[in-house]
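Asker: Sending over query-v6.cif (mmCIF, C-alpha atoms).
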```cif
data_work
#
loop_
_atom_site.group_PDB
_atom_site.id
_atom_site.type_symbol
_atom_site.label_atom_id
_atom_site.label_comp_id
_atom_site.auth_asym_id
_atom_site.auth_seq_id
_atom_site.Cartn_x
_atom_site.Cartn_y
_atom_site.Cartn_z
ATOM 1 C CA MET A 54 -114.187 39.512 137.639
ATOM 2 C CA ARG A 55 -111.030 39.633 135.549
ATOM 3 C CA ARG A 56 -111.821 36.195 134.124
ATOM 4 C CA HIS A 57 -115.267 37.343 132.940
ATOM 5 C CA ARG A 58 -113.704 40.318 131.175
ATOM 6 C CA THR A 59 -111.273 38.065 129.313
ATOM 7 C CA ARG A 60 -114.076 35.848 128.054
ATOM 8 C CA PHE A 61 -116.075 38.858 126.902
ATOM 9 C CA ALA A 62 -113.124 40.251 124.925
ATOM 10 C CA THR A 63 -112.535 36.883 123.281
ATOM 11 C CA ALA A 64 -116.181 36.678 122.234
ATOM 12 C CA LEU A 65 -116.030 40.162 120.704
ATOM 13 C CA LEU A 66 -112.988 39.187 118.635
ATOM 14 C CA ALA A 67 -114.667 35.997 117.380
ATOM 15 C CA VAL A 68 -117.780 37.810 116.071
ATOM 16 C CA PRO A 69 -116.142 39.343 112.917
ATOM 17 C CA LEU A 70 -114.365 36.059 112.132
ATOM 18 C CA MET A 71 -117.597 34.046 112.260
ATOM 19 C CA LEU A 72 -119.434 36.664 110.215
ATOM 20 C CA SER A 73 -116.770 36.412 107.464
ATOM 21 C CA LEU A 74 -117.129 32.629 107.402
ATOM 22 C CA GLY A 75 -120.901 32.851 107.152
ATOM 23 C CA SER A 76 -121.477 30.786 110.258
ATOM 24 C CA PRO A 77 -124.139 31.619 112.814
ATOM 25 C CA LEU A 78 -122.970 33.086 116.062
ATOM 26 C CA PRO A 79 -122.740 30.565 118.853
ATOM 27 C CA ALA A 80 -125.086 30.939 121.692
ATOM 28 C CA GLN A 81 -123.643 32.879 124.580
ATOM 29 C CA ALA A 82 -122.907 30.569 127.377
ATOM 30 C CA PRO A 83 -124.032 31.731 130.743
ATOM 31 C CA ALA A 84 -121.466 32.950 133.133
ATOM 32 C CA GLY A 85 -119.855 30.293 135.154
ATOM 33 C CA ALA A 86 -120.995 27.469 132.841
ATOM 34 C CA PRO A 87 -118.342 25.052 131.687
ATOM 35 C CA PRO A 88 -117.137 25.508 128.089
ATOM 36 C CA GLN A 89 -118.952 23.428 125.460
ATOM 37 C CA PRO A 90 -117.030 21.582 122.717
ATOM 38 C CA ALA A 91 -116.997 23.380 119.376
ATOM 39 C CA GLU A 92 -119.220 21.789 116.727
ATOM 40 C CA ALA A 93 -117.972 21.264 113.219
ATOM 41 C CA MET A 94 -119.116 23.983 110.867
ATOM 42 C CA PRO A 95 -121.056 22.587 107.901
ATOM 43 C CA VAL A 96 -119.721 23.468 104.470
ATOM 44 C CA ALA A 97 -122.354 24.357 101.953
ATOM 45 C CA ALA A 98 -122.136 22.240 98.773
ATOM 46 C CA PRO A 99 -122.111 24.191 95.502
ATOM 47 C CA ALA A 100 -125.317 24.098 93.591
ATOM 48 C CA ALA A 101 -125.252 21.770 90.568
ATOM 49 C CA THR A 102 -125.736 23.625 87.304
ATOM 50 C CA THR A 103 -126.043 20.741 84.799
ATOM 51 C CA THR A 104 -128.254 20.705 81.766
ATOM 52 C CA ALA A 105 -130.025 17.625 80.489
ATOM 53 C CA PRO A 106 -128.407 16.260 77.286
ATOM 54 C CA SER A 107 -130.463 15.894 74.174
ATOM 55 C CA PRO A 108 -131.425 12.333 73.083
ATOM 56 C CA GLY A 109 -129.585 12.528 69.703
ATOM 57 C CA SER A 110 -126.248 13.630 71.145
ATOM 58 C CA ASN A 111 -126.530 11.007 73.879
ATOM 59 C CA GLN A 112 -126.956 8.209 71.335
ATOM 60 C CA THR A 113 -124.081 9.494 69.178
ATOM 61 C CA GLU A 114 -121.727 9.707 72.131
ATOM 62 C CA SER A 115 -122.756 6.245 73.298
ATOM 63 C CA SER A 116 -122.122 4.686 69.868
ATOM 64 C CA GLU A 117 -118.767 6.464 69.550
ATOM 65 C CA VAL A 118 -117.672 5.294 72.985
ATOM 66 C CA ALA A 119 -118.806 1.752 72.224
ATOM 67 C CA ARG A 120 -116.867 1.776 68.955
ATOM 68 C CA GLN A 121 -113.707 3.053 70.610
ATOM 69 C CA LEU A 122 -114.000 0.446 73.332
ATOM 70 C CA ALA A 123 -114.578 -2.335 70.807
ATOM 71 C CA GLU A 124 -111.646 -1.470 68.522
ATOM 72 C CA PRO A 125 -108.840 -2.466 70.904
ATOM 73 C CA ALA A 126 -110.651 -5.707 71.667
ATOM 74 C CA ARG A 127 -110.411 -6.803 68.037
ATOM 75 C CA GLY A 128 -106.649 -6.670 68.015
ATOM 76 C CA PRO A 129 -104.433 -6.081 64.966
ATOM 77 C CA ARG A 130 -105.666 -7.317 61.586
ATOM 78 C CA ASP A 131 -103.876 -10.115 59.760
ATOM 79 C CA LEU A 132 -101.918 -8.447 56.931
ATOM 80 C CA SER A 133 -100.604 -11.565 55.207
ATOM 81 C CA PRO A 134 -100.906 -11.547 51.376
ATOM 82 C CA TRP A 135 -103.692 -14.126 51.388
ATOM 83 C CA SER A 136 -105.697 -12.229 54.027
ATOM 84 C CA MET A 137 -105.253 -8.961 52.145
ATOM 85 C CA PHE A 138 -106.424 -10.664 48.935
ATOM 86 C CA LEU A 139 -109.556 -11.975 50.646
ATOM 87 C CA ALA A 140 -110.314 -8.563 52.166
ATOM 88 C CA ALA A 141 -109.770 -6.635 48.906
ATOM 89 C CA ASP A 142 -112.502 -5.215 46.690
ATOM 90 C CA ALA A 143 -114.065 -7.502 44.060
ATOM 91 C CA PHE A 144 -112.577 -5.500 41.184
ATOM 92 C CA VAL A 145 -109.118 -5.510 42.767
ATOM 93 C CA LYS A 146 -109.437 -9.268 43.286
ATOM 94 C CA GLY A 147 -110.157 -9.674 39.569
ATOM 95 C CA VAL A 148 -107.048 -7.648 38.703
ATOM 96 C CA MET A 149 -104.924 -9.766 41.048
ATOM 97 C CA ILE A 150 -106.272 -13.026 39.606
ATOM 98 C CA GLY A 151 -105.532 -11.826 36.077
ATOM 99 C CA LEU A 152 -101.980 -10.887 37.024
ATOM 100 C CA VAL A 153 -101.393 -14.231 38.725
ATOM 101 C CA PHE A 154 -102.648 -15.986 35.575
ATOM 102 C CA ALA A 155 -100.285 -13.847 33.471
ATOM 103 C CA SER A 156 -97.415 -14.871 35.742
ATOM 104 C CA LEU A 157 -98.299 -18.548 35.284
ATOM 105 C CA VAL A 158 -98.390 -18.042 31.499
ATOM 106 C CA THR A 159 -94.964 -16.395 31.652
ATOM 107 C CA TRP A 160 -93.365 -19.305 33.494
ATOM 108 C CA THR A 161 -95.109 -21.846 31.249
ATOM 109 C CA ILE A 162 -93.746 -20.145 28.118
ATOM 110 C CA PHE A 163 -90.308 -19.971 29.707
ATOM 111 C CA LEU A 164 -90.172 -23.702 30.388
ATOM 112 C CA ALA A 165 -91.637 -24.633 26.997
ATOM 113 C CA LYS A 166 -89.301 -22.351 25.042
ATOM 114 C CA CYS A 167 -86.251 -23.523 26.968
ATOM 115 C CA LEU A 168 -87.016 -27.137 26.066
ATOM 116 C CA GLN A 169 -87.865 -26.245 22.458
ATOM 117 C CA LEU A 170 -84.734 -24.184 21.793
ATOM 118 C CA ALA A 171 -82.422 -26.610 23.563
ATOM 119 C CA ALA A 172 -83.751 -29.584 21.576
ATOM 120 C CA ALA A 173 -83.715 -27.671 18.267
ATOM 121 C CA ARG A 174 -80.109 -26.490 18.729
ATOM 122 C CA ARG A 175 -78.957 -29.963 19.677
ATOM 123 C CA ARG A 176 -80.599 -31.574 16.628
ATOM 124 C CA LEU A 177 -79.298 -28.904 14.268
ATOM 125 C CA ARG A 178 -75.707 -29.165 15.483
ATOM 126 C CA ALA A 179 -75.868 -32.953 15.165
ATOM 127 C CA ALA A 180 -77.275 -32.650 11.618
ATOM 128 C CA LEU A 181 -74.500 -30.273 10.543
ATOM 129 C CA ALA A 182 -71.904 -32.652 11.917
ATOM 130 C CA THR A 183 -73.559 -35.565 10.088
ATOM 131 C CA ILE A 184 -73.481 -34.020 6.605
ATOM 132 C CA ALA A 185 -70.030 -32.521 6.977
ATOM 133 C CA GLU A 186 -68.527 -35.277 4.794
ATOM 134 C CA ALA A 187 -71.448 -35.643 2.345
ATOM 135 C CA ARG A 188 -70.699 -34.927 -1.328
ATOM 136 C CA THR A 189 -74.196 -34.762 -2.863
ATOM 137 C CA LEU A 190 -77.650 -33.704 -1.850
ATOM 138 C CA LEU A 191 -78.970 -37.248 -2.063
ATOM 139 C CA GLU A 192 -76.179 -38.541 0.149
ATOM 140 C CA ALA A 193 -76.802 -35.837 2.723
ATOM 141 C CA GLN A 194 -80.535 -36.490 2.650
ATOM 142 C CA ALA A 195 -79.948 -40.185 3.189
ATOM 143 C CA LEU A 196 -77.771 -39.436 6.219
ATOM 144 C CA LEU A 197 -80.566 -37.286 7.697
ATOM 145 C CA SER A 198 -83.348 -39.779 7.046
ATOM 146 C CA THR A 199 -84.074 -40.028 10.764
ATOM 147 C CA GLY A 200 -85.535 -36.918 12.324
ATOM 148 C CA ARG A 201 -86.875 -33.759 10.760
ATOM 149 C CA THR A 202 -84.784 -30.626 11.085
ATOM 150 C CA VAL A 203 -84.561 -27.383 9.206
ATOM 151 C CA LEU A 204 -81.502 -28.801 7.420
ATOM 152 C CA SER A 205 -83.472 -31.739 6.063
ATOM 153 C CA VAL A 206 -86.152 -29.314 4.826
ATOM 154 C CA LEU A 207 -83.485 -27.238 3.063
ATOM 155 C CA LEU A 208 -81.994 -30.288 1.351
ATOM 156 C CA ALA A 209 -85.452 -31.397 0.188
ATOM 157 C CA ALA A 210 -86.117 -27.924 -1.222
ATOM 158 C CA ALA A 211 -82.804 -27.938 -3.123
ATOM 159 C CA LEU A 212 -83.501 -31.353 -4.669
ATOM 160 C CA GLN A 213 -87.027 -30.286 -5.648
ATOM 161 C CA GLU A 214 -85.712 -27.160 -7.331
ATOM 162 C CA MET A 215 -83.181 -29.150 -9.353
ATOM 163 C CA LYS A 216 -85.908 -31.581 -10.382
ATOM 164 C CA LEU A 217 -88.287 -28.815 -11.429
ATOM 165 C CA SER A 218 -85.617 -26.879 -13.330
ATOM 166 C CA GLY A 219 -84.365 -29.877 -15.293
ATOM 167 C CA ASP A 220 -81.467 -29.712 -17.716
ATOM 168 C CA ALA A 221 -82.781 -26.575 -19.381
ATOM 169 C CA GLY A 222 -82.344 -24.345 -16.370
ATOM 170 C CA SER A 223 -79.241 -22.238 -16.031
ATOM 171 C CA ASP A 224 -76.917 -22.703 -13.105
ATOM 172 C CA GLU A 225 -77.423 -19.187 -11.780
ATOM 173 C CA GLY A 226 -81.188 -19.458 -12.140
ATOM 174 C CA ILE A 227 -81.305 -22.700 -10.166
ATOM 175 C CA LYS A 228 -79.120 -21.231 -7.409
ATOM 176 C CA GLU A 229 -81.206 -18.059 -7.247
ATOM 177 C CA ARG A 230 -84.492 -19.941 -6.989
ATOM 178 C CA ALA A 231 -83.030 -22.292 -4.399
ATOM 179 C CA ALA A 232 -81.747 -19.353 -2.339
ATOM 180 C CA SER A 233 -85.248 -17.868 -2.421
ATOM 181 C CA ARG A 234 -86.643 -21.146 -1.080
ATOM 182 C CA PHE A 235 -83.957 -21.211 1.613
ATOM 183 C CA THR A 236 -84.892 -17.698 2.733
ATOM 184 C CA GLU A 237 -88.562 -18.635 3.070
ATOM 185 C CA ILE A 238 -87.697 -21.742 5.062
ATOM 186 C CA THR A 239 -85.443 -19.878 7.490
ATOM 187 C CA ARG A 240 -88.094 -17.174 7.977
ATOM 188 C CA THR A 241 -90.693 -19.819 8.724
ATOM 189 C CA GLU A 242 -88.331 -21.410 11.221
ATOM 190 C CA ALA A 243 -87.675 -18.026 12.829
ATOM 191 C CA ARG A 244 -91.410 -17.422 13.247
ATOM 192 C CA ALA A 245 -91.801 -20.842 14.818
ATOM 193 C CA MET A 246 -88.978 -20.148 17.278
ATOM 194 C CA ARG A 247 -90.432 -16.763 18.185
ATOM 195 C CA GLN A 248 -93.844 -18.117 19.102
ATOM 196 C CA GLY A 249 -94.803 -17.021 22.591
ATOM 197 C CA MET A 250 -92.315 -14.165 22.730
ATOM 198 C CA SER A 251 -94.987 -11.633 21.816
ATOM 199 C CA VAL A 252 -96.983 -12.801 24.824
ATOM 200 C CA LEU A 253 -93.963 -12.257 27.058
ATOM 201 C CA GLY A 254 -93.457 -8.780 25.639
ATOM 202 C CA THR A 255 -97.120 -7.895 26.179
ATOM 203 C CA ILE A 256 -97.095 -9.114 29.782
ATOM 204 C CA GLY A 257 -93.845 -7.325 30.544
ATOM 205 C CA ALA A 258 -95.138 -4.051 29.124
ATOM 206 C CA THR A 259 -98.691 -4.014 30.513
ATOM 207 C CA ALA A 260 -98.595 -5.932 33.818
ATOM 208 C CA PRO A 261 -97.192 -3.015 35.904
ATOM 209 C CA PHE A 262 -99.873 -0.654 34.588
ATOM 210 C CA VAL A 263 -102.643 -3.191 35.212
ATOM 211 C CA GLY A 264 -101.403 -3.616 38.791
ATOM 212 C CA LEU A 265 -101.215 0.171 39.202
ATOM 213 C CA PHE A 266 -104.796 0.484 37.974
ATOM 214 C CA GLY A 267 -105.915 -2.015 40.620
ATOM 215 C CA THR A 268 -103.985 -0.068 43.255
ATOM 216 C CA VAL A 269 -105.610 3.232 42.292
ATOM 217 C CA TRP A 270 -109.032 1.611 42.414
ATOM 218 C CA GLY A 271 -108.336 0.082 45.835
ATOM 219 C CA ILE A 272 -107.028 3.358 47.302
ATOM 220 C CA MET A 273 -110.130 5.157 46.049
ATOM 221 C CA ASN A 274 -112.305 2.634 47.869
ATOM 222 C CA SER A 275 -110.133 2.993 50.979
ATOM 223 C CA PHE A 276 -110.616 6.763 51.040
ATOM 224 C CA ILE A 277 -114.349 6.329 50.583
ATOM 225 C CA GLY A 278 -114.401 3.943 53.546
ATOM 226 C CA ILE A 279 -112.369 6.410 55.618
ATOM 227 C CA SER A 280 -114.853 9.195 54.878
ATOM 228 C CA LYS A 281 -117.759 6.981 55.871
ATOM 229 C CA ALA A 282 -116.067 5.872 59.100
ATOM 230 C CA GLN A 283 -115.132 9.498 59.893
ATOM 231 C CA THR A 284 -111.851 8.466 61.434
ATOM 232 C CA THR A 285 -108.180 8.809 60.563
ATOM 233 C CA ASN A 286 -106.985 6.026 62.838
ATOM 234 C CA LEU A 287 -103.958 4.333 61.265
ATOM 235 C CA ALA A 288 -105.286 0.907 62.206
ATOM 236 C CA VAL A 289 -108.336 1.628 60.023
ATOM 237 C CA VAL A 290 -106.532 3.339 57.127
ATOM 238 C CA ALA A 291 -103.463 1.094 56.718
ATOM 239 C CA PRO A 292 -105.129 -2.253 55.830
ATOM 240 C CA GLY A 293 -107.095 -0.823 52.895
ATOM 241 C CA ILE A 294 -104.029 0.871 51.418
ATOM 242 C CA ALA A 295 -101.941 -2.283 51.911
ATOM 243 C CA GLU A 296 -104.573 -4.353 50.096
ATOM 244 C CA ALA A 297 -104.503 -1.895 47.189
ATOM 245 C CA LEU A 298 -100.695 -1.905 46.965
ATOM 246 C CA LEU A 299 -100.739 -5.703 46.769
ATOM 247 C CA ALA A 300 -102.058 -5.383 43.193
ATOM 248 C CA THR A 301 -98.995 -3.370 42.150
ATOM 249 C CA ALA A 302 -96.704 -5.894 43.816
ATOM 250 C CA ILE A 303 -98.299 -8.785 41.901
ATOM 251 C CA GLY A 304 -98.062 -6.770 38.675
ATOM 252 C CA LEU A 305 -94.325 -6.332 39.178
ATOM 253 C CA VAL A 306 -93.938 -10.018 40.022
ATOM 254 C CA ALA A 307 -95.565 -10.851 36.685
ATOM 255 C CA ALA A 308 -93.777 -8.186 34.626
ATOM 256 C CA ILE A 309 -90.155 -8.492 35.761
ATOM 257 C CA PRO A 310 -89.696 -12.195 34.822
ATOM 258 C CA ALA A 311 -91.533 -11.604 31.526
ATOM 259 C CA VAL A 312 -89.080 -8.869 30.499
ATOM 260 C CA ILE A 313 -86.072 -10.971 31.550
ATOM 261 C CA PHE A 314 -87.344 -14.034 29.667
ATOM 262 C CA TYR A 315 -88.118 -11.969 26.568
ATOM 263 C CA ASN A 316 -84.565 -10.652 26.367
ATOM 264 C CA PHE A 317 -83.149 -14.114 27.047
ATOM 265 C CA PHE A 318 -85.179 -15.751 24.276
ATOM 266 C CA SER A 319 -84.333 -12.944 21.864
ATOM 267 C CA ARG A 320 -80.651 -13.803 22.198
ATOM 268 C CA ALA A 321 -81.301 -17.562 22.147
ATOM 269 C CA THR A 322 -83.447 -17.291 18.996
ATOM 270 C CA LYS A 323 -80.776 -15.240 17.278
ATOM 271 C CA ASP A 324 -78.196 -17.940 18.017
ATOM 272 C CA TYR A 325 -80.538 -20.586 16.639
ATOM 273 C CA LEU A 326 -81.131 -18.583 13.460
ATOM 274 C CA ASP A 327 -77.364 -18.348 12.984
ATOM 275 C CA LEU A 328 -77.311 -22.154 13.002
ATOM 276 C CA ALA A 329 -80.180 -22.179 10.488
ATOM 277 C CA ASN A 330 -78.202 -19.854 8.200
ATOM 278 C CA ARG A 331 -75.241 -22.204 8.464
ATOM 279 C CA CYS A 332 -77.537 -25.025 7.362
ATOM 280 C CA SER A 333 -78.735 -22.916 4.447
ATOM 281 C CA GLY A 334 -75.122 -22.331 3.412
ATOM 282 C CA ALA A 335 -74.349 -26.069 3.654
ATOM 283 C CA ALA A 336 -77.363 -26.939 1.470
ATOM 284 C CA GLY A 337 -76.347 -24.256 -1.062
ATOM 285 C CA ARG A 338 -72.840 -25.678 -1.327
ATOM 286 C CA LEU A 339 -74.160 -29.204 -1.929
ATOM 287 C CA LEU A 340 -76.541 -27.850 -4.575
ATOM 288 C CA SER A 341 -73.694 -26.069 -6.332
ATOM 289 C CA ARG A 342 -71.645 -29.295 -6.433
ATOM 290 C CA ASP A 343 -74.566 -31.268 -7.871
ATOM 291 C CA ILE A 344 -75.097 -28.646 -10.563
ATOM 292 C CA GLU A 345 -71.453 -28.803 -11.551
ATOM 293 C CA ARG A 346 -71.529 -32.601 -11.700
ATOM 294 C CA ARG A 347 -74.632 -32.532 -13.854
ATOM 295 C CA ARG A 348 -73.165 -29.960 -16.209
ATOM 296 C CA ALA A 349 -69.849 -31.795 -16.605
ATOM 297 C CA PRO A 350 -71.130 -34.526 -19.033
ATOM 298 C CA LEU A 351 -72.930 -31.900 -21.085
ATOM 299 C CA LEU A 352 -69.788 -29.823 -21.370
ATOM 300 C CA SER A 353 -67.731 -32.856 -22.435
ATOM 301 C CA ARG A 354 -70.277 -33.740 -25.083
ATOM 302 C CA ALA A 355 -70.287 -30.192 -26.361
ATOM 303 C CA ALA A 356 -66.500 -30.258 -26.540
ATOM 304 C CA GLU A 357 -66.563 -33.411 -28.661
#
```
Represent the structure contained in this file as structure tokens.
Answerer:
Amino acid sequence: MRRHRTRFATALLAVPLMLSLGSPLPAQAPAGAPPQPAEAMPVAAPAATTTAPSPGSNQTESSEVARQLAEPARGPRDLSPWSMFLAADAFVKGVMIGLVFASLVTWTIFLAKCLQLAAARRRLRAALATIAEARTLLEAQALLSTGRTVLSVLLAAALQEMKLSGDAGSDEGIKERAASRFTEITRTEARAMRQGMSVLGTIGATAPFVGLFGTVWGIMNSFIGISKAQTTNLAVVAPGIAEALLATAIGLVAAIPAVIFYNFFSRATKDYLDLANRCSGAAGRLLSRDIERRRAPLLSRAAE
């Protein structure tokens, strides 16, 4: 009897607990029946509250996911100068080709002018040394019969002026007209030595700005591509900007040597013109001696 009371009290205590858990009350076992094993209480799954996606958003999300999955598979782009040149815009490519051509012109002028100035200085120094002991214009011209230099042109101009003036010309008039000829000859020689230097100056002054123009154009195209791709991923942005900056780099490569070569040839041409002025002075001294020799018999006759 006491055992039945204990079971009844336990059942009364279990009723509120099972009501709070939402489980049905277990069937009351008859008195004296053996206890049954407790069954596992099923847990109700929450109701799914999902909405069906629209077709347009589904396609957009699918394409975005596919693009993001495909980007790592491509790997990093090749950013060598040649690859960046090939991937650049057509206009930027034209700018780069023009700057490379300007650089080739710069180095061609440098080599040509170095050979020209070196050969001209060597010939002129040798000619000055040759006529150092000459006493007349004809003698000096005979010594310089081989090879044409500015000194030989000056001697020919002095002889021609003496021939054209004749005995009637005054000494000062002959010297003045000869000096005028000498000035024209040296100016012509200076223009010949300065050929190509204007090209170097133009390349040195404009090449950086041409390269900068190509860079600005390339960056504009890069920003347009970024807006179309609707992404700010550095792997997408960096190659376009690097391709644009390559134009500025090539412009500097073309401009810096051009400026250096221009300054170098300016000094070298000035040294050469100093030699040409020395030749003009040597020809003037020989002319003055010939005039004095020609006037000496006339003065002796006049004295008699």
Asker: Please, which residues are within 6 Å of (-109.2, -3.7, 52.9) by the file's coordinates, counting all atoms listed in the file, and could they come as a PyMOL selection string?
Answerer: chain A and resi 140-141+292-293+296
Asker: By how many Å are CA of Gln169 (chain A) and CA of Arg240 (chain A) apart?
Answerer: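 Taking CA of Gln169 (chain A) as the start and CA of Arg240 (chain A) as the end point, the length is 17.1 Å.
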Asker: Excluding region 318-323 of chain A and its own-chain neighbours fewer than 3 positions away, which residues fall within 8 Å of it when counting all atoms listed in the file? Please give them as a PyMOL selection string.
Answerer: chain A and resi 166+170+243+246-247+250+314-315+326-327
Asker: Measuring between all atoms listed in the file, which one of A:Val203, A:Met273, A:Leu212, A:Ala282 shows the shortest distance to Ala179 (chain A)?
Answerer: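 Closest to Ala179 (chain A), using all atoms listed in the file: A:Val203.
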Asker: Separation of CA of Leu191 (chain A) and CA of Ala211 (chain A), in Å?
Answerer: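 Taking CA of Leu191 (chain A) as the start and CA of Ala211 (chain A) as the end point, the length is 10.1 Å.
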Asker: To test your reading of the syntax: which residues would the PyMOL selection byres ((chain A and resi 294) around 9) return for the file shown? Reply as a PDB file with C-alpha atoms, in the coordinates of the input.
Answerer:
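Produced file selection-v7.pdb, reproduced below:
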```
ATOM      1  CA  THR A 268    -103.985  -0.068  43.255  1.00  0.00           C
ATOM      2  CA  GLY A 271    -108.336   0.082  45.835  1.00  0.00           C
ATOM      3  CA  ILE A 272    -107.028   3.358  47.302  1.00  0.00           C
ATOM      4  CA  SER A 275    -110.133   2.993  50.979  1.00  0.00           C
ATOM      5  CA  PHE A 276    -110.616   6.763  51.040  1.00  0.00           C
ATOM      6  CA  VAL A 290    -106.532   3.339  57.127  1.00  0.00           C
ATOM      7  CA  ALA A 291    -103.463   1.094  56.718  1.00  0.00           C
ATOM      8  CA  PRO A 292    -105.129  -2.253  55.830  1.00  0.00           C
ATOM      9  CA  GLY A 293    -107.095  -0.823  52.895  1.00  0.00           C
ATOM     10  CA  ALA A 295    -101.941  -2.283  51.911  1.00  0.00           C
ATOM     11  CA  GLU A 296    -104.573  -4.353  50.096  1.00  0.00           C
ATOM     12  CA  ALA A 297    -104.503  -1.895  47.189  1.00  0.00           C
ATOM     13  CA  LEU A 298    -100.695  -1.905  46.965  1.00  0.00           C
ATOM     14  CA  LEU A 299    -100.739  -5.703  46.769  1.00  0.00           C
TER      15      LEU A 299
END
```
Asker: Any idea what the distance is between CA of Asp324 (chain A) and CA of Pro310 (chain A)?
Answerer: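 Between these atoms lies a distance of 21.2 Å.
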Asker: Which residue gives the smallest distance to Ala308 (chain A) among A:Gln283, A:Ser133, A:Ser251, A:Thr259, with all atoms listed in the file counted?
Answerer: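 Going through A:Gln283, A:Ser133, A:Ser251, A:Thr259 one by one, the smallest distance to Ala308 (chain A) is for A:Thr259.
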Asker: Please evaluate the PyMOL selection byres ((chain A and resi 193) around 12) against the displayed coordinates and give the resulting residues as a tab-separated table (two decimals) with C-alpha atoms, keeping the file's coordinate frame.
Answerer:
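What landed in expr26.tsv:
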```
chain	number	residue	atom	x	y	z
A	180	ALA	CA	-77.28	-32.65	11.62
A	181	LEU	CA	-74.50	-30.27	10.54
A	182	ALA	CA	-71.90	-32.65	11.92
A	183	THR	CA	-73.56	-35.56	10.09
A	184	ILE	CA	-73.48	-34.02	6.60
A	185	ALA	CA	-70.03	-32.52	6.98
A	186	GLU	CA	-68.53	-35.28	4.79
A	187	ALA	CA	-71.45	-35.64	2.35
A	188	ARG	CA	-70.70	-34.93	-1.33
A	189	THR	CA	-74.20	-34.76	-2.86
A	190	LEU	CA	-77.65	-33.70	-1.85
A	191	LEU	CA	-78.97	-37.25	-2.06
A	192	GLU	CA	-76.18	-38.54	0.15
A	194	GLN	CA	-80.54	-36.49	2.65
A	195	ALA	CA	-79.95	-40.18	3.19
A	196	LEU	CA	-77.77	-39.44	6.22
A	197	LEU	CA	-80.57	-37.29	7.70
A	198	SER	CA	-83.35	-39.78	7.05
A	199	THR	CA	-84.07	-40.03	10.76
A	204	LEU	CA	-81.50	-28.80	7.42
A	205	SER	CA	-83.47	-31.74	6.06
A	206	VAL	CA	-86.15	-29.31	4.83
A	207	LEU	CA	-83.48	-27.24	3.06
A	208	LEU	CA	-81.99	-30.29	1.35
A	209	ALA	CA	-85.45	-31.40	0.19
A	211	ALA	CA	-82.80	-27.94	-3.12
A	212	LEU	CA	-83.50	-31.35	-4.67
A	332	CYS	CA	-77.54	-25.02	7.36
A	335	ALA	CA	-74.35	-26.07	3.65
A	336	ALA	CA	-77.36	-26.94	1.47
A	338	ARG	CA	-72.84	-25.68	-1.33
A	339	LEU	CA	-74.16	-29.20	-1.93
A	340	LEU	CA	-76.54	-27.85	-4.58
A	343	ASP	CA	-74.57	-31.27	-7.87
```
